[in-house]
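S.K.: Here you go, my_file30.cif (mmCIF, C-alpha atoms):
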data_input
#
loop_
_atom_site.label_atom_id
_atom_site.label_comp_id
_atom_site.auth_asym_id
_atom_site.auth_seq_id
_atom_site.Cartn_x
_atom_site.Cartn_y
_atom_site.Cartn_z
CA MET A 296 4.49 38.56 -17.02
CA ASP A 297 2.89 39.29 -20.39
CA LEU A 298 2.71 36.73 -23.19
CA LYS A 299 5.51 38.28 -25.26
CA HIS A 300 8.03 38.23 -22.42
CA LEU A 301 6.89 34.76 -21.34
CA LEU A 302 7.57 33.23 -24.75
CA LYS A 303 10.79 35.24 -25.14
CA ARG A 304 12.05 33.92 -21.82
CA GLY A 305 11.22 30.37 -22.87
CA ALA A 306 13.01 30.78 -26.20
CA LEU A 307 16.12 32.29 -24.54
CA LEU A 308 16.38 29.59 -21.88
CA ALA A 309 15.93 26.83 -24.47
CA ALA A 310 18.71 28.40 -26.58
CA ALA A 311 20.97 28.87 -23.55
CA ASN A 312 20.57 25.18 -22.68
CA TRP A 313 20.89 23.96 -26.26
CA GLN A 314 22.33 20.65 -25.07
CA THR A 315 18.85 19.60 -23.95
CA VAL A 316 17.50 20.33 -27.44
CA ALA A 317 20.20 18.15 -28.97
CA ILE A 318 19.62 15.31 -26.49
CA GLN A 319 15.87 15.37 -27.02
CA PHE A 320 16.39 15.29 -30.79
CA VAL A 321 18.80 12.34 -30.61
CA VAL A 322 16.46 10.38 -28.32
CA GLU A 323 13.42 11.12 -30.49
CA THR A 324 15.29 10.06 -33.64
CA THR A 325 16.56 6.91 -31.92
CA PHE A 326 13.01 6.05 -30.87
CA GLN A 327 11.74 6.40 -34.44
CA VAL A 328 14.60 4.27 -35.78
CA LEU A 329 13.89 1.60 -33.17
CA LEU A 330 10.22 1.57 -34.15
CA ALA A 331 11.21 1.13 -37.79
CA MET A 332 13.30 -1.99 -37.13
CA PRO A 333 10.46 -4.51 -36.52
CA ILE A 334 8.50 -2.93 -39.37
CA ILE A 335 11.41 -3.39 -41.78
CA GLY A 336 11.86 -6.98 -40.61
CA ALA A 337 8.15 -7.67 -41.07
CA MET A 338 8.30 -6.15 -44.57
CA ALA A 339 11.06 -8.55 -45.55
CA LEU A 340 9.11 -11.44 -44.04
CA VAL A 341 5.92 -10.51 -45.89
CA ALA A 342 7.77 -9.97 -49.18
CA ILE A 343 9.59 -13.33 -48.96
CA LEU A 344 6.95 -15.62 -47.47
CA LEU A 345 3.71 -14.13 -48.79
CA GLY A 346 4.94 -12.62 -52.05
CA ALA A 347 3.64 -9.12 -51.28
CA ASP A 348 4.88 -6.12 -53.23
CA LEU A 349 7.53 -4.34 -51.15
CA ALA A 350 6.78 -1.01 -52.84
CA ASP A 351 3.20 -1.14 -51.55
CA LEU A 352 4.40 -1.87 -48.02
CA LEU A 353 6.75 1.13 -48.01
CA GLN A 354 4.02 3.67 -48.74
CA GLY A 355 2.76 6.05 -46.08
CA SER A 356 3.85 6.77 -42.52
CA LEU A 357 4.97 4.29 -39.85
CA ARG A 358 1.35 3.94 -38.75
CA ASP A 359 0.24 3.17 -42.33
CA MET A 360 3.07 0.64 -42.74
CA PHE A 361 2.13 -1.03 -39.44
CA THR A 362 -1.52 -1.29 -40.51
CA THR A 363 -0.64 -2.66 -43.97
CA ILE A 364 1.75 -5.27 -42.58
CA ALA A 365 -0.65 -6.37 -39.84
CA SER A 366 -3.49 -6.81 -42.35
CA THR A 367 -1.20 -8.73 -44.69
CA LEU A 368 -0.03 -11.06 -41.90
CA LEU A 369 -3.57 -12.02 -40.90
CA SER A 370 -3.17 -15.17 -42.95
CA GLU A 371 -0.14 -16.13 -40.82
CA PRO A 372 -1.19 -15.85 -37.14
CA LEU A 373 2.19 -16.85 -35.67
CA ALA A 374 4.04 -14.32 -37.80
CA LEU A 375 1.48 -11.66 -36.88
CA ILE A 376 1.86 -12.38 -33.15
CA ALA A 377 5.66 -12.25 -33.42
CA PHE A 378 5.47 -8.92 -35.25
CA VAL A 379 3.06 -7.38 -32.73
CA VAL A 380 5.14 -8.61 -29.76
CA ALA A 381 8.37 -7.25 -31.28
CA PHE A 382 6.77 -3.90 -32.07
CA THR A 383 5.26 -3.67 -28.57
CA LEU A 384 8.59 -4.41 -26.88
CA VAL A 385 10.38 -1.79 -28.95
CA LEU A 386 7.58 0.70 -28.30
CA LEU A 387 7.74 0.17 -24.54
CA GLY A 388 11.55 0.23 -24.41
CA GLY A 389 11.83 3.37 -26.53
CA SER A 390 9.08 5.07 -24.55
CA VAL A 391 10.84 4.33 -21.26
CA LEU A 392 14.03 5.86 -22.68
CA MET A 393 12.15 9.02 -23.63
CA PHE A 394 10.45 9.25 -20.22
CA VAL A 395 13.78 8.94 -18.41
CA VAL A 396 15.57 11.49 -20.58
CA LYS A 397 12.71 13.96 -20.16
CA GLY A 398 13.39 13.95 -16.41
CA GLY A 399 16.91 15.25 -16.97
CA THR A 400 15.66 17.87 -19.42
CA VAL A 401 13.05 19.22 -17.01
CA GLU A 402 15.62 19.26 -14.19
CA VAL A 403 18.05 21.38 -16.22
CA LEU A 404 15.40 23.80 -17.48
CA ALA A 405 13.86 24.20 -14.02
CA ALA A 406 17.28 25.13 -12.59
CA ALA A 407 17.90 27.55 -15.46
CA ASN A 408 14.51 29.20 -15.04
CA ALA A 409 15.01 29.59 -11.27
CA ASP A 410 18.48 31.16 -11.59
CA ALA A 411 18.28 33.16 -14.81
CA GLY A 412 16.60 36.30 -13.50
CA PRO A 413 14.61 38.62 -15.81
CA ILE A 414 16.64 37.87 -18.95
CA GLU A 415 13.62 38.54 -21.16
CA GLN A 416 13.83 42.25 -20.26
CA HIS A 417 17.50 42.70 -21.23
CA PRO A 418 19.14 43.05 -24.67
CA LEU A 419 20.14 39.77 -26.27
CA THR A 420 23.88 39.09 -25.94
CA PHE A 421 26.05 36.01 -26.10
CA ASP A 422 27.29 36.51 -22.53
CA MET A 423 23.70 36.68 -21.29
CA LEU A 424 22.83 33.40 -23.00
CA ARG A 425 25.98 31.73 -21.68
CA GLY A 426 25.18 32.93 -18.17
CA ALA A 427 21.67 31.45 -18.38
CA GLY A 428 22.97 28.00 -19.22
CA ARG A 429 22.64 25.48 -16.41
CA PHE A 430 23.33 22.25 -18.26
CA THR A 431 25.82 19.90 -16.67
CA LEU A 432 26.02 16.17 -17.14
CA GLN A 433 25.71 15.63 -13.39
CA ARG A 434 22.56 17.76 -13.13
CA PHE A 435 21.03 16.04 -16.15
CA THR A 436 21.71 12.51 -14.91
CA SER A 437 20.59 13.35 -11.37
CA GLY A 438 17.32 14.63 -12.82
CA CYS A 439 16.91 11.39 -14.76
CA ALA A 440 17.47 9.39 -11.57
CA ARG A 441 15.25 11.56 -9.36
CA LEU A 442 12.28 11.58 -11.73
CA PHE A 443 12.69 8.05 -13.08
CA ARG A 444 9.86 6.35 -11.17
CA PRO A 445 7.24 9.13 -11.25
CA TYR A 446 7.85 9.79 -14.95
CA ILE A 447 7.61 6.09 -15.79
CA ALA A 448 4.24 5.92 -13.99
CA LEU A 449 3.09 9.07 -15.77
CA GLY A 450 4.30 7.85 -19.16
CA LEU A 451 2.58 4.47 -18.83
CA THR A 452 -0.62 6.27 -17.83
CA LEU A 453 -0.29 8.41 -20.95
CA MET A 454 0.10 5.32 -23.14
CA VAL A 455 -3.01 3.78 -21.58
CA VAL A 456 -4.98 6.98 -22.29
CA TYR A 457 -3.71 6.94 -25.89
CA ALA A 458 -4.73 3.30 -26.33
CA ILE A 459 -8.20 3.83 -24.86
CA SER A 460 -8.76 6.96 -26.99
CA VAL A 461 -7.71 5.32 -30.25
CA ALA A 462 -9.60 2.11 -29.48
CA GLY A 463 -12.76 4.08 -28.67
CA TYR A 464 -12.44 6.02 -31.92
CA LEU A 465 -11.95 2.85 -33.99
CA VAL A 466 -14.89 1.12 -32.33
CA PHE A 467 -17.10 4.18 -32.88
CA VAL A 468 -16.14 4.51 -36.55
CA GLY A 469 -16.31 0.78 -37.28
CA TYR A 470 -19.72 0.36 -35.66
CA GLY A 471 -21.03 3.45 -37.44
CA TYR A 472 -19.95 2.25 -40.89
CA ARG A 473 -21.62 -1.11 -40.32
CA ALA A 474 -24.79 0.52 -39.04
CA ALA A 475 -25.05 3.02 -41.92
CA GLN A 476 -27.57 1.86 -44.52
CA GLY A 477 -27.98 3.49 -47.93
CA ARG A 478 -25.95 6.04 -49.87
CA VAL A 479 -27.26 9.12 -48.07
CA LEU A 480 -26.61 7.69 -44.61
CA PHE A 481 -23.15 6.52 -45.67
CA ILE A 482 -22.17 10.01 -46.89
CA GLY A 483 -23.49 11.54 -43.69
CA TRP A 484 -21.61 9.03 -41.58
CA THR A 485 -18.39 9.78 -43.50
CA PHE A 486 -18.72 13.40 -42.42
CA ILE A 487 -19.34 12.32 -38.82
CA ALA A 488 -16.28 10.05 -38.94
CA ALA A 489 -14.14 12.94 -40.19
CA LEU A 490 -15.49 15.12 -37.37
CA ALA A 491 -14.71 12.34 -34.88
CA ALA A 492 -11.13 12.19 -36.20
CA ALA A 493 -10.77 15.95 -35.69
CA LEU A 494 -12.11 15.60 -32.16
CA LEU A 495 -9.63 12.79 -31.51
CA VAL A 496 -6.75 15.02 -32.62
CA ALA A 497 -8.01 17.84 -30.39
CA TRP A 498 -8.38 15.44 -27.45
CA ILE A 499 -4.84 14.08 -27.92
CA THR A 500 -3.53 17.66 -28.03
CA VAL A 501 -5.22 18.44 -24.71
CA VAL A 502 -3.90 15.18 -23.23
CA ASN A 503 -0.37 16.12 -24.31
CA LEU A 504 -0.77 19.52 -22.63
CA LEU A 505 -1.89 17.90 -19.38
CA TYR A 506 1.00 15.44 -19.65
CA LEU A 507 3.47 18.31 -19.97
CA LEU A 508 1.96 20.21 -17.04
CA LEU A 509 2.06 17.06 -14.91
CA GLN A 510 5.73 16.61 -15.73
CA ILE A 511 6.43 20.16 -14.57
CA ALA A 512 4.38 19.85 -11.37
CA MET A 513 5.95 16.52 -10.41
CA ALA A 514 9.46 17.86 -11.02
CA VAL A 515 9.02 21.18 -9.19
CA GLU A 516 7.08 19.75 -6.24
CA GLY A 517 9.03 16.49 -6.05
CA VAL A 518 5.85 14.41 -5.76
CA GLY A 519 4.31 11.35 -7.35
CA LEU A 520 1.52 10.99 -9.87
CA ALA A 521 -1.47 11.38 -7.50
CA GLN A 522 -0.13 14.49 -5.78
CA GLY A 523 1.05 15.82 -9.13
CA CYS A 524 -2.51 15.61 -10.44
CA ARG A 525 -3.78 17.69 -7.51
CA ALA A 526 -0.99 20.25 -7.93
CA THR A 527 -1.65 20.49 -11.66
CA ALA A 528 -5.38 21.00 -11.10
CA SER A 529 -4.65 23.87 -8.69
CA PHE A 530 -2.18 25.35 -11.16
CA ILE A 531 -4.67 25.23 -14.04
CA ARG A 532 -7.38 26.89 -11.94
CA ALA A 533 -5.02 29.68 -10.85
CA GLU A 534 -3.30 30.31 -14.20
CA PHE A 535 -5.95 29.22 -16.70
CA ARG A 536 -5.94 32.44 -18.73
CA ASP A 537 -2.17 32.58 -19.21
CA LEU A 538 -2.01 28.84 -19.91
CA ALA A 539 -4.70 29.14 -22.57
CA ARG A 540 -2.90 32.06 -24.26
CA VAL A 541 0.43 30.24 -24.39
CA PHE A 542 -1.27 27.06 -25.59
CA LEU A 543 -3.08 28.80 -28.46
CA VAL A 544 0.06 30.62 -29.63
CA ILE A 545 2.11 27.41 -29.56
CA VAL A 546 -0.58 25.51 -31.48
CA VAL A 547 -0.54 28.18 -34.18
CA LEU A 548 3.26 28.08 -34.36
CA VAL A 549 3.31 24.27 -34.59
CA VAL A 550 0.69 24.25 -37.35
CA ALA A 551 2.58 26.96 -39.28
CA ALA A 552 5.90 25.13 -38.88
CA THR A 553 4.32 21.85 -39.97
CA LEU A 554 2.82 23.42 -43.09
CA ALA A 555 6.13 25.12 -43.92
CA SER A 556 8.02 21.82 -43.54
CA TRP A 557 5.49 20.05 -45.78
CA LEU A 558 5.85 22.71 -48.47
CA ALA A 559 9.64 22.58 -48.29
CA TRP A 560 9.63 18.78 -48.42
CA SER A 561 7.27 18.81 -51.42
CA GLY A 562 9.55 21.24 -53.26
CA VAL A 563 12.59 19.07 -52.62
CA GLY A 564 10.63 16.00 -53.69
CA LEU A 565 9.82 17.58 -57.05
CA ILE A 566 13.51 18.22 -57.70
CA ALA A 567 14.25 14.55 -57.01
CA PHE A 568 12.57 13.57 -60.29
CA VAL A 569 15.03 15.66 -62.34
CA PRO A 570 17.83 13.44 -63.78
CA LEU A 571 21.30 13.96 -62.24
CA VAL A 572 20.06 16.95 -60.25
CA GLY A 573 17.98 14.54 -58.21
CA LEU A 574 21.20 12.96 -56.91
CA ALA A 575 21.87 16.11 -54.91
CA VAL A 576 18.46 15.94 -53.27
CA PHE A 577 19.32 13.17 -50.81
CA PRO A 578 21.76 15.31 -48.77
CA LEU A 579 19.21 18.13 -48.88
CA GLN A 580 16.53 15.79 -47.57
CA ILE A 581 18.79 14.68 -44.70
CA ALA A 582 19.59 18.31 -43.89
CA ALA A 583 15.89 19.21 -44.03
CA LEU A 584 15.04 16.38 -41.62
CA LEU A 585 17.74 17.53 -39.20
CA VAL A 586 16.59 21.15 -39.32
CA ARG A 587 12.95 20.15 -38.96
CA GLY A 588 13.64 17.85 -36.01
CA LEU A 589 15.80 20.38 -34.17
CA ALA A 590 13.30 23.18 -34.83
CA PHE A 591 10.38 21.21 -33.41
CA GLU A 592 12.42 20.13 -30.37
CA TYR A 593 13.42 23.74 -29.77
CA LEU A 594 9.80 24.84 -30.06
CA GLY A 595 8.77 22.11 -27.63
CA LEU A 596 11.36 23.14 -25.03
CA THR A 597 10.41 26.80 -25.48
CA THR A 598 6.88 25.78 -24.56
CA LEU A 599 8.17 23.78 -21.60
CA ASP A 600 10.14 26.80 -20.37
CA ALA A 601 7.11 29.07 -20.67
CA TYR A 602 4.95 26.70 -18.62
CA LEU A 603 7.80 26.28 -16.11
CA THR A 604 7.94 30.05 -15.63
CA LEU A 605 4.21 30.14 -14.94
CA TYR A 606 4.36 27.18 -12.56
CA GLN A 607 7.35 28.42 -10.57
CA GLY A 608 5.69 31.81 -10.22
CA PHE A 609 2.51 30.09 -9.05
CA ALA A 610 4.48 27.97 -6.55
CA ALA A 611 6.32 31.04 -5.22
CA ARG A 612 3.06 32.95 -4.67
CA ARG A 613 1.50 29.93 -2.98
CA ALA A 614 4.50 29.54 -0.65
CA GLU A 615 4.36 33.25 0.19
CA ALA A 616 0.64 33.02 1.00
CA ILE A 617 1.24 29.99 3.22
CA GLY A 618 4.04 31.86 4.98
CA ARG A 619 1.80 34.85 5.67
CA GLU A 620 -0.92 32.56 7.05
CA SER A 621 1.56 30.83 9.33
CA MET A 622 2.66 34.21 10.68
CA VAL A 623 -0.89 35.46 11.20
CA SER A 624 -2.10 32.30 12.96
CA PRO A 625 0.10 32.62 16.10
CA ILE A 626 -0.77 36.32 16.40
CA ALA A 627 -4.49 35.58 16.17
CA HIS A 628 -4.13 32.75 18.68
CA THR A 629 -2.29 35.00 21.14
CA ALA A 630 -4.89 37.73 20.77
#
Written as structure tokens, that's how I'd like the structure from this file.
M.R.:
Amino acid sequence: MDLKHLLKRGALLAAANWQTVAIQFVVETTFQVLLAMPIIGAMALVAILLGADLADLLQGSLRDMFTTIASTLLSEPLALIAFVVAFTLVLLGGSVLMFVVKGGTVEVLAAANADAGPIEQHPLTFDMLRGAGRFTLQRFTSGCARLFRPYIALGLTLMVVYAISVAGYLVFVGYGYRAAQGRVLFIGWTFIAALAAALLVAWITVVNLLYLLLQIAMAVEGVGLAQGCRATASFIRAEFRDLARVFLVIVVLVVAATLASWLAWSGVGLIAFVPLVGLAVFPLQIAALLVRGLAFEYLGLTTLDAYLTLYQGFAARRAEAIGRESMVSPIAHTA
């Protein structure tokens, strides 16, 4: 299957099973809200007990807020420990929820991809999309139950890889800044640190790709983490070219969508400073967040469907080859 039809099939199956897009969006939003709760509580604590400026604490992303609060609480070790423990518990609990829900999503999309037929080669109609839908609550929950343990193990492994990667980057950058002596060396090291940050982003992107492929392999094969790693390695070796093409196209689409959302958000933010008119911006901002979140979830499930198509085709060809070998072996033995 060529790249155009592969991505078209993924987009059609994601649209046909739109319930999975909505569920993924709700879970992702819930996870972000849960992460914000201990941060908001720590902000109030810092503002009341330490007299910090709340406006300064609210600047930046969740990661920036976490860093600012943690650095501010260094003078209060007990409060800092309580904040870190609360944030860690919420992070683990929300992550487990996302891992479990992803099992149901993969189960539904795998069933849709197996039963849909060559829908990418037919004209787009509502009846065709409705016929490609395979979402049922029973199938979704059974997928969550079936893939609960392997996906939890995979998700915890992913979190460990994230932690090691970020810790290694911070140690590298911190040691380099301390070791740099003089203005020229400092400027050169700043460039190296920026390059290291870019490499970290690229590494995390590759890790996320491997994580997605492992999810697919474990769901289709019905195996655990160790066997899933072997199946994924075989899949990558056999389908490397098509995987690389899909990956590059999706990266370009994600970057373009991210830039477009930033531009749109900046434009809405400028209107917010206009008296009276700015009052109408808040509903627009909420609508923009909803559209952005749903669009990125849809793009993510389109990618998942494309990789599922490749993997199920790879699994079918492998099963056919094994079947031919099993038929040839008795004949050769008889001869």
S.K.: Apply the PyMOL selection byres ((chain A and resi 503-509) around 9) to the displayed file and report the matching residues as a list in words.
M.R.: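 Written out, the selection comes to Leu449, Gly450, Leu453, Trp498, Ile499, Thr500, Val501, Val502, Gln510, Ile511, Ala512, Met513, Ala514, Leu520, Gly523, Cys524, Ala526, Thr527, Phe530, Ile531, Phe542, Leu599, Tyr602, Leu603 and Tyr606 of chain A.
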S.K.: Rounded to one decimal in Å, what is the spacing between CA of Arg434 (chain A) and CA of Ala407 (chain A)?
M.R.: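 About the pair CA of Arg434 (chain A) and CA of Ala407 (chain A): they are 11.1 Å apart.
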S.K.: Separation of CA of Ala551 (chain A) and CA of Asp297 (chain A), in Å?
M.R.: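 Taking CA of Ala551 (chain A) as the start and CA of Asp297 (chain A) as the end point, the length is 22.6 Å.
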S.K.: On this structure, the PyMOL selection byres ((chain A and resi 604) around 12) would catch which residues? List them as a ChimeraX atom specification, sorted by chain and number.
M.R.: /A:296-298,300-306,308,404-413,415,508,511-512,515,534,537-538,541,597-603,605-611
S.K.: Which distance in Å separates CA of Ala310 (chain A) and CA of Leu432 (chain A), to one decimal?
M.R.: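 These two atoms are separated by 17.1 Å.
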S.K.: Once the PyMOL selection byres ((chain A and resi 379-384) around 9) has been evaluated on this model, what residues remain selected, and can you format them as a count of residues only?
M.R.: 16
S.K.: Measuring atom to atom with only C-alpha atoms, identify which of A:Met338, A:Ala583, A:Met393, A:Leu307 is nearest to Val321 (chain A).
M.R.: A:Met393
